[in-house]
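Next comes structure-v2.txt, with compact mmCIF, C-alpha atoms.
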```txt
# COMPACT_ATOMS: atom_id res chain seq x y z
CA MET A 27 -3.38 14.25 -30.47
CA ALA A 28 -2.06 10.67 -30.61
CA PRO A 29 -3.08 8.62 -27.56
CA ASN A 30 -0.16 7.64 -25.39
CA ILE A 31 -0.43 3.84 -25.53
CA ASN A 32 2.48 1.47 -25.83
CA PRO A 33 2.19 -0.25 -29.25
CA PHE A 34 2.64 -3.67 -27.61
CA ILE A 35 -0.31 -3.06 -25.28
CA LEU A 36 -2.34 -1.99 -28.28
CA PHE A 37 -1.27 -5.18 -30.04
CA PHE A 38 -2.49 -7.50 -27.27
CA ALA A 39 -5.60 -5.45 -26.60
CA SER A 40 -6.67 -5.68 -30.23
CA ILE A 41 -6.29 -9.46 -30.12
CA PHE A 42 -8.13 -10.09 -26.87
CA THR A 43 -10.06 -7.31 -25.13
CA SER A 44 -11.25 -5.35 -28.15
CA ASN A 45 -11.30 -8.14 -30.69
CA ILE A 46 -12.40 -6.62 -34.00
CA LEU A 47 -14.95 -9.39 -34.48
CA LEU A 48 -16.34 -10.17 -31.07
CA ALA A 49 -16.37 -6.64 -29.66
CA ASN A 50 -16.85 -4.52 -32.79
CA PHE A 51 -18.90 -6.92 -34.95
CA LEU A 52 -16.78 -6.44 -38.05
CA GLY A 53 -16.20 -9.02 -40.78
CA MET A 54 -19.22 -11.11 -39.79
CA CYS A 55 -20.36 -12.12 -43.28
CA SER A 56 -17.32 -14.14 -44.24
CA PHE A 57 -16.84 -15.20 -40.61
CA ILE A 58 -20.18 -17.01 -40.64
CA SER A 59 -20.06 -18.39 -44.17
CA ILE A 60 -16.46 -19.65 -44.23
CA SER A 61 -16.18 -21.07 -40.70
CA LYS A 62 -17.74 -24.42 -41.66
CA ASP A 63 -14.31 -25.69 -42.57
CA ILE A 64 -11.02 -25.39 -40.65
CA THR A 65 -8.66 -25.36 -43.65
CA SER A 66 -10.54 -22.55 -45.39
CA SER A 67 -10.79 -20.62 -42.12
CA ASN A 68 -7.05 -20.83 -41.71
CA GLY A 69 -6.46 -19.57 -45.26
CA LEU A 70 -8.87 -16.69 -44.87
CA GLY A 71 -7.44 -15.77 -41.45
CA MET A 72 -3.94 -15.63 -42.90
CA ALA A 73 -5.07 -13.51 -45.85
CA VAL A 74 -7.01 -11.11 -43.61
CA THR A 75 -4.04 -10.64 -41.26
CA MET A 76 -1.70 -9.91 -44.15
CA VAL A 77 -4.01 -7.48 -45.97
CA MET A 78 -5.06 -5.75 -42.75
CA THR A 79 -1.49 -4.99 -41.65
CA ILE A 80 -0.47 -3.67 -45.06
CA THR A 81 -3.60 -1.59 -45.70
CA THR A 82 -3.60 -0.01 -42.23
CA ALA A 83 -0.01 1.14 -42.70
CA LEU A 84 -0.66 2.40 -46.24
CA ASN A 85 -3.90 4.13 -45.28
CA TRP A 86 -2.10 5.87 -42.42
CA ILE A 87 0.47 7.26 -44.84
CA VAL A 88 -2.14 8.23 -47.42
CA TYR A 89 -4.42 9.85 -44.83
CA ASN A 90 -1.81 11.81 -42.89
CA LYS A 91 0.53 12.72 -45.74
CA ILE A 92 -1.89 13.28 -48.62
CA ILE A 93 -5.53 13.65 -47.53
CA VAL A 94 -5.05 15.93 -44.50
CA PRO A 95 -2.59 18.39 -46.16
CA LEU A 96 -4.96 18.72 -49.13
CA GLY A 97 -8.04 19.10 -46.89
CA LEU A 98 -9.89 16.21 -48.53
CA GLU A 99 -11.05 14.45 -45.33
CA TYR A 100 -14.58 13.95 -46.66
CA LEU A 101 -13.20 11.75 -49.47
CA ARG A 102 -11.51 9.33 -47.06
CA TYR A 103 -14.04 6.50 -47.50
CA ILE A 104 -13.48 6.38 -51.25
CA ILE A 105 -9.71 6.67 -50.92
CA PHE A 106 -9.46 3.99 -48.21
CA ILE A 107 -11.51 1.55 -50.25
CA ILE A 108 -9.46 2.21 -53.39
CA VAL A 109 -6.22 1.58 -51.44
CA ILE A 110 -7.65 -1.68 -50.08
CA ALA A 111 -8.83 -2.87 -53.51
CA ALA A 112 -5.46 -2.00 -55.04
CA VAL A 113 -3.48 -3.78 -52.30
CA VAL A 114 -5.59 -6.92 -52.70
CA GLN A 115 -5.12 -6.84 -56.47
CA ILE A 116 -1.32 -6.34 -56.28
CA LEU A 117 -0.94 -8.93 -53.52
CA GLU A 118 -2.83 -11.45 -55.62
CA MET A 119 -0.45 -10.95 -58.56
CA LEU A 120 2.68 -10.98 -56.36
CA ILE A 121 1.73 -14.17 -54.53
CA ASP A 122 0.85 -15.83 -57.84
CA ARG A 123 4.38 -15.05 -59.11
CA LEU A 124 6.41 -15.74 -55.97
CA SER A 125 4.70 -18.66 -54.29
CA PRO A 126 2.23 -20.73 -56.35
CA ASN A 127 1.57 -22.96 -53.33
CA LEU A 128 0.46 -20.08 -51.14
CA TYR A 129 -1.54 -18.76 -54.10
CA MET A 130 -3.41 -22.03 -54.34
CA SER A 131 -4.46 -21.82 -50.70
CA LEU A 132 -5.09 -18.05 -50.53
CA GLY A 133 -6.16 -17.39 -54.11
CA ILE A 134 -9.88 -17.86 -53.67
CA PHE A 135 -10.02 -15.85 -50.45
CA LEU A 136 -8.18 -12.73 -51.56
CA PRO A 137 -11.05 -11.20 -53.61
CA LEU A 138 -13.43 -11.83 -50.70
CA ILE A 139 -11.29 -9.56 -48.55
CA THR A 140 -12.09 -6.38 -50.49
CA VAL A 141 -15.64 -6.56 -49.16
CA ASN A 142 -14.64 -7.62 -45.65
CA CYS A 143 -15.82 -4.79 -43.39
CA ALA A 144 -13.11 -5.55 -40.80
CA ILE A 145 -10.38 -4.28 -43.16
CA LEU A 146 -12.07 -0.93 -43.78
CA GLY A 147 -13.13 -0.81 -40.12
CA VAL A 148 -9.57 -1.03 -38.82
CA SER A 149 -8.49 1.81 -41.11
CA LEU A 150 -11.41 3.94 -39.93
CA PHE A 151 -10.75 3.22 -36.24
CA MET A 152 -7.07 3.99 -36.77
CA GLN A 153 -7.98 7.37 -38.23
CA LEU A 154 -10.71 8.21 -35.67
CA ARG A 155 -8.44 7.46 -32.71
CA TYR A 156 -5.43 9.39 -34.07
CA TYR A 157 -2.98 6.49 -33.80
CA THR A 158 0.65 7.12 -34.74
CA PHE A 159 2.26 5.16 -37.59
CA ILE A 160 3.84 2.55 -35.30
CA GLN A 161 0.65 2.20 -33.26
CA SER A 162 -1.34 1.72 -36.48
CA ILE A 163 0.89 -1.11 -37.66
CA PHE A 164 0.60 -2.93 -34.34
CA TYR A 165 -3.13 -2.28 -34.23
CA GLY A 166 -3.60 -3.65 -37.77
CA LEU A 167 -1.50 -6.74 -37.10
CA GLY A 168 -3.19 -7.40 -33.74
CA SER A 169 -6.68 -7.02 -35.18
CA GLY A 170 -5.83 -9.40 -38.00
CA LEU A 171 -4.46 -12.01 -35.57
CA GLY A 172 -7.54 -11.54 -33.37
CA TRP A 173 -9.79 -12.19 -36.36
CA TRP A 174 -7.76 -15.25 -37.29
CA LEU A 175 -7.95 -16.59 -33.73
CA ALA A 176 -11.71 -16.06 -33.58
CA ILE A 177 -12.46 -17.77 -36.90
CA MET A 178 -10.23 -20.75 -36.05
CA ALA A 179 -11.95 -21.16 -32.67
CA LEU A 180 -15.40 -20.94 -34.25
CA ALA A 181 -14.52 -23.42 -37.02
CA ALA A 182 -13.23 -25.90 -34.45
CA ILE A 183 -16.40 -25.61 -32.34
CA ARG A 184 -18.75 -25.78 -35.33
CA LYS A 185 -17.07 -28.92 -36.63
CA ARG A 186 -18.39 -30.75 -33.58
CA VAL A 187 -21.64 -28.91 -32.86
CA ASP A 188 -23.08 -28.90 -36.40
CA LYS A 189 -23.28 -32.67 -36.40
CA SER A 190 -25.18 -32.87 -33.12
CA PRO A 191 -28.63 -34.45 -33.58
CA ASN A 192 -30.18 -32.63 -30.61
CA VAL A 193 -30.44 -29.17 -32.21
CA PRO A 194 -34.01 -27.93 -32.94
CA ALA A 195 -34.66 -27.75 -36.71
CA ALA A 196 -35.32 -23.99 -36.71
CA LEU A 197 -32.09 -23.24 -34.85
CA LYS A 198 -29.85 -25.24 -37.20
CA GLY A 199 -27.30 -23.30 -39.24
CA PRO A 200 -26.97 -19.54 -38.71
CA GLY A 201 -29.01 -19.37 -35.49
CA LEU A 202 -26.82 -21.87 -33.69
CA THR A 203 -23.66 -20.25 -35.08
CA LEU A 204 -24.73 -16.87 -33.69
CA ILE A 205 -25.32 -18.40 -30.26
CA ILE A 206 -21.83 -19.94 -30.34
CA ILE A 207 -20.38 -16.56 -31.34
CA GLY A 208 -22.29 -14.95 -28.46
CA ILE A 209 -20.80 -17.38 -25.96
CA MET A 210 -17.33 -16.78 -27.43
CA ALA A 211 -17.86 -13.03 -27.09
CA MET A 212 -18.77 -13.54 -23.42
CA ALA A 213 -15.60 -15.54 -22.90
CA PHE A 214 -13.54 -12.77 -24.48
CA ILE A 215 -15.15 -10.20 -22.16
CA GLY A 216 -13.38 -12.10 -19.41
CA PHE A 217 -10.11 -10.63 -20.70
CA SER A 218 -11.33 -7.08 -20.37
CA GLY A 219 -9.94 -6.48 -16.90
CA MET A 220 -6.48 -7.15 -18.32
CA LEU A 221 -5.99 -4.15 -20.63
CA ASN A 222 -8.19 -1.44 -21.98
CA VAL A 223 -7.84 0.81 -24.97
CA GLN A 224 -10.33 3.07 -26.58
CA MET B 30 -48.41 -3.44 -59.26
CA SER B 31 -48.23 -7.12 -58.31
CA GLU B 32 -44.56 -7.19 -59.28
CA TYR B 33 -43.82 -4.48 -56.71
CA ASN B 34 -45.79 -6.34 -54.07
CA LYS B 35 -43.88 -9.51 -54.79
CA VAL B 36 -40.54 -7.74 -54.40
CA LEU B 37 -41.71 -6.23 -51.12
CA LYS B 38 -42.81 -9.59 -49.68
CA GLU B 39 -39.64 -11.33 -50.86
CA ASN B 40 -37.34 -8.74 -49.34
CA VAL B 41 -39.10 -8.24 -46.04
CA TRP B 42 -39.99 -11.83 -45.25
CA TYR B 43 -39.36 -14.81 -47.58
CA ASN B 44 -35.88 -13.75 -48.61
CA ASN B 45 -35.03 -11.28 -45.85
CA PRO B 46 -31.40 -10.17 -46.20
CA VAL B 47 -30.68 -10.59 -42.49
CA PHE B 48 -32.36 -13.73 -41.20
CA VAL B 49 -32.51 -15.75 -44.43
CA GLN B 50 -29.40 -14.69 -46.30
CA ILE B 51 -27.34 -13.68 -43.22
CA LEU B 52 -25.92 -10.60 -44.93
CA GLY B 53 -24.98 -7.18 -43.68
CA ILE B 54 -25.10 -7.87 -39.97
CA CYS B 55 -21.52 -6.66 -39.59
CA SER B 56 -21.86 -2.94 -39.34
CA ALA B 57 -25.17 -2.70 -37.57
CA LEU B 58 -25.14 -5.10 -34.61
CA ALA B 59 -22.93 -2.59 -32.86
CA VAL B 60 -25.52 0.18 -32.90
CA THR B 61 -28.52 -1.87 -31.74
CA ASN B 62 -28.31 -0.99 -28.05
CA ASN B 63 -30.22 2.20 -28.76
CA LEU B 64 -33.43 2.52 -30.83
CA THR B 65 -32.77 6.06 -32.08
CA ASN B 66 -29.31 5.22 -33.44
CA THR B 67 -30.60 2.00 -34.97
CA PHE B 68 -33.44 3.80 -36.70
CA ILE B 69 -31.17 6.45 -38.23
CA MET B 70 -28.62 3.81 -39.25
CA THR B 71 -31.16 1.53 -40.94
CA ILE B 72 -32.83 4.44 -42.75
CA ALA B 73 -29.39 5.46 -44.01
CA VAL B 74 -28.72 1.91 -45.22
CA SER B 75 -32.14 1.75 -46.97
CA LEU B 76 -31.55 5.01 -48.80
CA VAL B 77 -28.02 4.11 -49.85
CA THR B 78 -29.21 0.70 -51.11
CA ALA B 79 -32.13 2.24 -53.01
CA PHE B 80 -30.11 4.97 -54.70
CA SER B 81 -27.12 2.81 -55.54
CA SER B 82 -29.42 0.16 -57.07
CA LEU B 83 -31.08 2.92 -59.09
CA THR B 84 -27.73 4.28 -60.29
CA VAL B 85 -26.31 0.86 -61.12
CA SER B 86 -29.46 -0.02 -63.04
CA ILE B 87 -29.35 3.22 -65.07
CA ILE B 88 -25.70 2.96 -66.08
CA LYS B 89 -25.41 -0.84 -66.28
CA GLY B 90 -24.98 -0.71 -70.08
CA LEU B 91 -21.99 1.62 -69.81
CA ILE B 92 -19.87 -0.37 -67.32
CA PRO B 93 -17.45 -2.95 -68.73
CA ARG B 94 -18.03 -6.28 -66.96
CA LYS B 95 -14.49 -6.56 -65.67
CA VAL B 96 -14.47 -3.37 -63.60
CA ARG B 97 -18.11 -3.44 -62.50
CA MET B 98 -17.30 -4.37 -58.88
CA ILE B 99 -15.06 -1.38 -58.35
CA VAL B 100 -17.51 0.94 -60.13
CA GLN B 101 -20.33 -0.33 -57.89
CA THR B 102 -18.17 0.20 -54.81
CA LEU B 103 -17.45 3.77 -55.90
CA ILE B 104 -21.16 4.47 -56.48
CA ILE B 105 -21.96 3.13 -53.00
CA ALA B 106 -19.12 5.14 -51.45
CA PHE B 107 -20.46 8.27 -53.15
CA TYR B 108 -23.88 7.89 -51.51
CA VAL B 109 -22.36 6.99 -48.15
CA ILE B 110 -20.32 10.20 -48.20
CA ILE B 111 -23.51 12.18 -48.87
CA VAL B 112 -25.25 10.42 -45.95
CA ASP B 113 -22.23 11.07 -43.72
CA ILE B 114 -22.20 14.79 -44.55
CA ILE B 115 -25.98 15.10 -43.97
CA LEU B 116 -25.74 13.31 -40.62
CA ARG B 117 -22.86 15.50 -39.49
CA ALA B 118 -24.72 18.65 -40.45
CA TYR B 119 -28.15 17.88 -38.98
CA LEU B 120 -27.65 15.16 -36.34
CA PRO B 121 -24.12 15.68 -34.98
CA GLY B 122 -24.84 13.73 -31.77
CA ILE B 123 -25.98 10.61 -33.57
CA SER B 124 -23.20 10.94 -36.13
CA LYS B 125 -20.70 10.89 -33.28
CA ALA B 126 -22.35 7.90 -31.58
CA LEU B 127 -22.36 5.91 -34.82
CA GLY B 128 -18.64 6.63 -35.25
CA PRO B 129 -16.98 4.57 -37.98
CA TYR B 130 -20.11 2.53 -38.63
CA VAL B 131 -21.52 5.11 -41.06
CA GLY B 132 -18.45 4.67 -43.26
CA LEU B 133 -18.77 0.93 -42.93
CA ILE B 134 -22.11 1.04 -44.79
CA ILE B 135 -19.86 0.87 -47.89
CA THR B 136 -18.89 -2.70 -47.09
CA ASN B 137 -22.42 -3.75 -46.12
CA CYS B 138 -22.91 -6.90 -48.16
CA ILE B 139 -26.65 -6.24 -48.72
CA ILE B 140 -26.01 -3.21 -50.90
CA MET B 141 -23.43 -4.90 -53.11
CA GLY B 142 -25.64 -8.00 -53.23
CA ARG B 143 -28.70 -6.09 -54.48
CA ALA B 144 -26.66 -4.10 -57.00
CA GLU B 145 -25.08 -7.28 -58.33
CA GLY B 146 -28.05 -9.62 -58.06
CA PHE B 147 -31.00 -7.42 -59.00
CA ALA B 148 -30.07 -4.03 -60.43
CA GLN B 149 -27.74 -5.56 -63.06
CA SER B 150 -30.67 -7.23 -64.81
CA ASN B 151 -33.70 -5.04 -64.04
CA GLY B 152 -35.09 -1.60 -64.81
CA PRO B 153 -34.32 1.52 -62.72
CA ILE B 154 -37.65 2.01 -60.91
CA ILE B 155 -38.05 -1.60 -59.79
CA SER B 156 -34.36 -1.68 -58.77
CA PHE B 157 -34.90 1.37 -56.60
CA TRP B 158 -37.90 -0.29 -54.99
CA ASP B 159 -35.97 -3.55 -54.54
CA GLY B 160 -33.10 -1.73 -52.84
CA PHE B 161 -35.45 0.20 -50.60
CA THR B 162 -37.45 -2.85 -49.52
CA SER B 163 -34.25 -4.81 -48.82
CA GLY B 164 -33.32 -1.96 -46.50
CA LEU B 165 -36.78 -2.26 -44.97
CA GLY B 166 -36.26 -5.96 -44.26
CA TYR B 167 -33.02 -5.02 -42.55
CA LEU B 168 -34.76 -2.23 -40.60
CA VAL B 169 -37.45 -4.55 -39.24
CA VAL B 170 -34.99 -7.11 -37.84
CA LEU B 171 -32.64 -4.55 -36.31
CA MET B 172 -35.47 -2.55 -34.75
CA VAL B 173 -36.79 -5.68 -33.01
CA VAL B 174 -33.29 -6.51 -31.71
CA ALA B 175 -32.74 -2.90 -30.61
CA PHE B 176 -36.19 -2.80 -28.93
CA PHE B 177 -35.32 -5.64 -26.57
CA ARG B 178 -31.74 -4.51 -26.00
CA GLU B 179 -32.70 -0.95 -25.08
CA LEU B 180 -35.75 -1.99 -23.03
CA LEU B 181 -33.86 -4.50 -20.91
CA GLY B 182 -30.51 -2.72 -20.90
CA PHE B 183 -31.60 0.82 -20.00
CA GLY B 184 -35.32 0.42 -19.21
CA THR B 185 -36.08 3.04 -21.87
CA LEU B 186 -37.51 3.20 -25.42
CA PHE B 187 -36.23 5.94 -27.76
CA GLY B 188 -34.71 7.49 -24.63
CA TYR B 189 -38.03 7.67 -22.70
CA ARG B 190 -38.27 5.76 -19.42
CA VAL B 191 -40.73 2.87 -19.78
CA LEU B 192 -39.93 0.40 -17.03
CA PRO B 193 -40.31 1.52 -13.37
CA GLU B 194 -37.33 2.98 -11.52
CA GLY B 195 -36.93 -0.15 -9.41
CA PHE B 196 -36.16 -2.26 -12.49
CA MET B 197 -32.66 -3.67 -12.30
CA SER B 198 -31.25 -3.11 -15.80
CA TRP B 199 -29.45 -6.00 -17.46
CA THR B 200 -25.97 -4.70 -18.21
CA ILE B 201 -25.22 -7.68 -20.46
CA MET B 202 -27.85 -6.36 -22.89
CA LEU B 203 -25.62 -3.37 -23.60
CA MET B 204 -22.55 -5.49 -24.28
CA ALA B 205 -21.57 -7.30 -27.46
CA PRO B 206 -22.72 -10.88 -26.69
CA SER B 207 -26.38 -9.96 -26.24
CA ALA B 208 -26.53 -8.66 -29.82
CA PHE B 209 -25.52 -12.11 -31.04
CA PHE B 210 -27.98 -13.83 -28.71
CA MET B 211 -30.90 -11.54 -29.65
CA LEU B 212 -30.28 -12.03 -33.37
CA ALA B 213 -29.99 -15.79 -32.85
CA ILE B 214 -33.33 -15.86 -31.03
CA PHE B 215 -34.92 -13.75 -33.76
CA ILE B 216 -33.65 -16.14 -36.45
CA TRP B 217 -34.87 -19.10 -34.39
CA VAL B 218 -38.41 -17.68 -34.08
CA ALA B 219 -38.63 -16.52 -37.71
CA LYS B 220 -37.34 -19.82 -39.05
CA GLY B 221 -39.69 -21.72 -36.74
CA ILE B 222 -42.68 -19.85 -38.17
CA MET B 223 -41.47 -20.52 -41.73
CA LEU B 224 -40.97 -24.23 -41.08
CA ARG B 225 -44.43 -24.51 -39.53
CA LYS B 226 -45.99 -22.81 -42.58
CA GLU B 227 -44.17 -25.16 -44.91
CA ALA B 228 -45.32 -28.20 -42.96
CA LYS B 229 -48.98 -27.21 -43.40
```
Serialized structure, structure tokens:
Amino acid sequence: MAPNINPFILFFASIFTSNILLANFLGMCSFISISKDITSSNGLGMAVTMVMTITTALNWIVYNKIIVPLGLEYLRYIIFIIVIAAVVQILEMLIDRLSPNLYMSLGIFLPLITVNCAILGVSLFMQLRYYTFIQSIFYGLGSGLGWWLAIMALAAIRKRVDKSPNVPAALKGPGLTLIIIGIMAMAFIGFSGMLNVQ
Amino acid sequence: MSEYNKVLKENVWYNNPVFVQILGICSALAVTNNLTNTFIMTIAVSLVTAFSSLTVSIIKGLIPRKVRMIVQTLIIAFYVIIVDIILRAYLPGISKALGPYVGLIITNCIIMGRAEGFAQSNGPIISFWDGFTSGLGYLVVLMVVAFFRELLGFGTLFGYRVLPEGFMSWTIMLMAPSAFFMLAIFIWVAKGIMLRKEAK
């Protein structure tokens, strides 16, 4: 039942045309709260990309090799979230051991990722659309990079716009950020003639 | 009774989870181009929030502090699975339209926020009420957004034709950006009213 899409097309489509954030509205909470600052946005984007790629691949294996043969499909939400929490926990310990510098920059963002809906969302989309293992890896990596790209772009725009004195008082903060995100989403729709996956 | 009233007012207006705290907009913006789907989705979120707050409040003494996050997540996931099964049994069409967003209720920040911020330190009944009214605050905002998106995008409300046939529907209202714009306008208006009240 796997859709016949070249993994590379899936990769680019998940970055641009069906960006996990701007087209599917996932991972908004941390997107809005962290994007005040470019350095933090970069750290979070990196962490999200890493966790997303690993968890999508692991969840594919767990779902297709364990859950489906045992007929436990209704438990998939719990199992996916446990896999994600475990990966974040292990990754945190590994990075702490292997690269203290990276740990310093990622450390505070890793726990935030467990509750990032984009991570669970990608696993659920992967399962609903019957992607193959290779397709899932490319889809996870592409979605992570798309999220990273979007948060970096937003942080760069907000750095300038937030200081503007001409914004009405009631629109300051989240309201203005949402309007910027809306305009970014419109810009990304411009890519949609390029590729399409569903 | 006044305590219950206070919680209701806080959650629906003064401390609304969506337009004051900016939480939980992730999973639901996607379903707001249709009033029926939005209504079912927000009711599901309210019930999951209410029951998980109730459960967390009842067993809060038994959970070791270190693992409480994962226990809370499992409690939430348990209720989401129940909601998912009920939806699939009785409303298969809507369940299909909502797609992965039902499962994504698990990562809705409002639910975790209420469990962590209120249910941990309050009794079961008031926690249930707090969870439910938080869901209500969420319902109000999303229904307003969905009202405008469906009206202008399809010319219908709850699937019934409201605007005349000659009305040229605004396709942009059905696409992603309009959800952001509508929510931004809602926040703008709500915050404007609050600021004006404060100034008085």
Residues within 8 Å of Met152 (chain A), please, as a count of residues only. Count all atoms listed in the file; anything in the same chain fewer than 3 positions from it doesn't count. 9
Sorted by chain and rising residue number, list the residues of chain B at most 10 Å from chain A (counting all atoms listed in the file), each with its closest atom pair and distance in Å to one decimal, as JSON lines.
```
{"residue": "B:Phe48", "atom": "CA", "partner": "A:Pro200", "partner_atom": "CA", "distance": 8.3}
{"residue": "B:Val49", "atom": "CA", "partner": "A:Pro200", "partner_atom": "CA", "distance": 8.8}
{"residue": "B:Gln50", "atom": "CA", "partner": "A:Pro200", "partner_atom": "CA", "distance": 9.3}
{"residue": "B:Ile51", "atom": "CA", "partner": "A:Cys55", "partner_atom": "CA", "distance": 7.2}
{"residue": "B:Leu52", "atom": "CA", "partner": "A:Cys55", "partner_atom": "CA", "distance": 6.0}
{"residue": "B:Gly53", "atom": "CA", "partner": "A:Cys55", "partner_atom": "CA", "distance": 6.8}
{"residue": "B:Ile54", "atom": "CA", "partner": "A:Met54", "partner_atom": "CA", "distance": 6.7}
{"residue": "B:Cys55", "atom": "CA", "partner": "A:Leu52", "partner_atom": "CA", "distance": 5.0}
{"residue": "B:Ser56", "atom": "CA", "partner": "A:Leu52", "partner_atom": "CA", "distance": 6.3}
{"residue": "B:Ala57", "atom": "CA", "partner": "A:Phe51", "partner_atom": "CA", "distance": 8.0}
{"residue": "B:Leu58", "atom": "CA", "partner": "A:Phe51", "partner_atom": "CA", "distance": 6.5}
{"residue": "B:Ala59", "atom": "CA", "partner": "A:Phe51", "partner_atom": "CA", "distance": 6.3}
{"residue": "B:Val60", "atom": "CA", "partner": "A:Asn50", "partner_atom": "CA", "distance": 9.9}
{"residue": "B:Ile99", "atom": "CA", "partner": "A:Ala111", "partner_atom": "CA", "distance": 8.0}
{"residue": "B:Thr102", "atom": "CA", "partner": "A:Ile107", "partner_atom": "CA", "distance": 8.2}
{"residue": "B:Leu103", "atom": "CA", "partner": "A:Ile104", "partner_atom": "CA", "distance": 6.6}
{"residue": "B:Ile104", "atom": "CA", "partner": "A:Ile104", "partner_atom": "CA", "distance": 9.5}
{"residue": "B:Ile105", "atom": "CA", "partner": "A:Ile104", "partner_atom": "CA", "distance": 9.2}
{"residue": "B:Ala106", "atom": "CA", "partner": "A:Ile104", "partner_atom": "CA", "distance": 5.8}
{"residue": "B:Phe107", "atom": "CA", "partner": "A:Ile104", "partner_atom": "CA", "distance": 7.5}
{"residue": "B:Val109", "atom": "CA", "partner": "A:Tyr103", "partner_atom": "CA", "distance": 8.4}
{"residue": "B:Ile110", "atom": "CA", "partner": "A:Tyr100", "partner_atom": "CA", "distance": 7.0}
{"residue": "B:Ile111", "atom": "CA", "partner": "A:Tyr100", "partner_atom": "CA", "distance": 9.4}
{"residue": "B:Asp113", "atom": "CA", "partner": "A:Tyr100", "partner_atom": "CA", "distance": 8.7}
{"residue": "B:Ile114", "atom": "CA", "partner": "A:Tyr100", "partner_atom": "CA", "distance": 8.0}
{"residue": "B:Gly128", "atom": "CA", "partner": "A:Leu154", "partner_atom": "CA", "distance": 8.1}
{"residue": "B:Pro129", "atom": "CA", "partner": "A:Leu150", "partner_atom": "CA", "distance": 5.9}
{"residue": "B:Tyr130", "atom": "CA", "partner": "A:Gly147", "partner_atom": "CA", "distance": 7.9}
{"residue": "B:Val131", "atom": "CA", "partner": "A:Tyr103", "partner_atom": "CA", "distance": 10.0}
{"residue": "B:Gly132", "atom": "CA", "partner": "A:Tyr103", "partner_atom": "CA", "distance": 6.4}
{"residue": "B:Leu133", "atom": "CA", "partner": "A:Cys143", "partner_atom": "CA", "distance": 6.5}
{"residue": "B:Ile134", "atom": "CA", "partner": "A:Cys143", "partner_atom": "CA", "distance": 8.7}
{"residue": "B:Ile135", "atom": "CA", "partner": "A:Tyr103", "partner_atom": "CA", "distance": 8.1}
{"residue": "B:Thr136", "atom": "CA", "partner": "A:Cys143", "partner_atom": "CA", "distance": 5.2}
{"residue": "B:Asn137", "atom": "CA", "partner": "A:Cys143", "partner_atom": "CA", "distance": 7.2}
{"residue": "B:Cys138", "atom": "CA", "partner": "A:Val141", "partner_atom": "CA", "distance": 7.3}
{"residue": "B:Met141", "atom": "CA", "partner": "A:Val141", "partner_atom": "CA", "distance": 8.9}
{"residue": "B:Ile201", "atom": "CA", "partner": "A:Met212", "partner_atom": "CA", "distance": 9.2}
{"residue": "B:Met204", "atom": "CA", "partner": "A:Ala49", "partner_atom": "CA", "distance": 8.3}
{"residue": "B:Ala205", "atom": "CA", "partner": "A:Ala49", "partner_atom": "CA", "distance": 5.7}
{"residue": "B:Pro206", "atom": "CA", "partner": "A:Gly208", "partner_atom": "CA", "distance": 4.5}
{"residue": "B:Ser207", "atom": "CA", "partner": "A:Gly208", "partner_atom": "CA", "distance": 6.8}
{"residue": "B:Ala208", "atom": "CA", "partner": "A:Gly208", "partner_atom": "CA", "distance": 7.7}
{"residue": "B:Phe209", "atom": "CA", "partner": "A:Gly208", "partner_atom": "CA", "distance": 5.0}
{"residue": "B:Phe210", "atom": "CA", "partner": "A:Ile205", "partner_atom": "CA", "distance": 5.5}
{"residue": "B:Met211", "atom": "CA", "partner": "A:Ile205", "partner_atom": "CA", "distance": 8.9}
{"residue": "B:Leu212", "atom": "CA", "partner": "A:Leu204", "partner_atom": "CA", "distance": 7.4}
{"residue": "B:Ala213", "atom": "CA", "partner": "A:Gly201", "partner_atom": "CA", "distance": 4.6}
{"residue": "B:Ile214", "atom": "CA", "partner": "A:Gly201", "partner_atom": "CA", "distance": 7.1}
{"residue": "B:Phe215", "atom": "CA", "partner": "A:Gly201", "partner_atom": "CA", "distance": 8.3}
{"residue": "B:Ile216", "atom": "CA", "partner": "A:Gly201", "partner_atom": "CA", "distance": 5.7}
{"residue": "B:Trp217", "atom": "CA", "partner": "A:Leu197", "partner_atom": "CA", "distance": 5.0}
{"residue": "B:Val218", "atom": "CA", "partner": "A:Ala196", "partner_atom": "CA", "distance": 7.5}
{"residue": "B:Ala219", "atom": "CA", "partner": "A:Ala196", "partner_atom": "CA", "distance": 8.2}
{"residue": "B:Lys220", "atom": "CA", "partner": "A:Ala196", "partner_atom": "CA", "distance": 5.2}
{"residue": "B:Gly221", "atom": "CA", "partner": "A:Ala196", "partner_atom": "CA", "distance": 4.9}
{"residue": "B:Ile222", "atom": "CA", "partner": "A:Ala196", "partner_atom": "CA", "distance": 8.6}
{"residue": "B:Met223", "atom": "CA", "partner": "A:Ala196", "partner_atom": "CA", "distance": 8.7}
{"residue": "B:Leu224", "atom": "CA", "partner": "A:Ala196", "partner_atom": "CA", "distance": 7.1}
{"residue": "B:Arg225", "atom": "CA", "partner": "A:Ala196", "partner_atom": "CA", "distance": 9.6}
```
My list of candidates is B:Ile115, B:Met197, B:Leu120, B:Val169. Which is closest to Asn40 (chain B) when distances are computed with all atoms listed in the file? B:Val169
Using all atoms listed in the file, which residues sit within 10 Å of Lys38 (chain B) once same-chain residues fewer than 5 positions away are excluded, as a count of residues only? 7
What separation in Å, quoted to one decimal, exists between CA of Phe68 (chain B) and CA of Ala175 (chain B)?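 Atom-to-atom, CA of Phe68 (chain B) to CA of Ala175 (chain B), that is 9.1 Å.
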Fewer than 5 positions away in the same chain doesn't count, so skip those; otherwise give me all residues within 12 Å of Asn30 (chain A), counting only C-alpha atoms, as a ChimeraX atom specification. /A:35-36,155-158,160-161,223-224
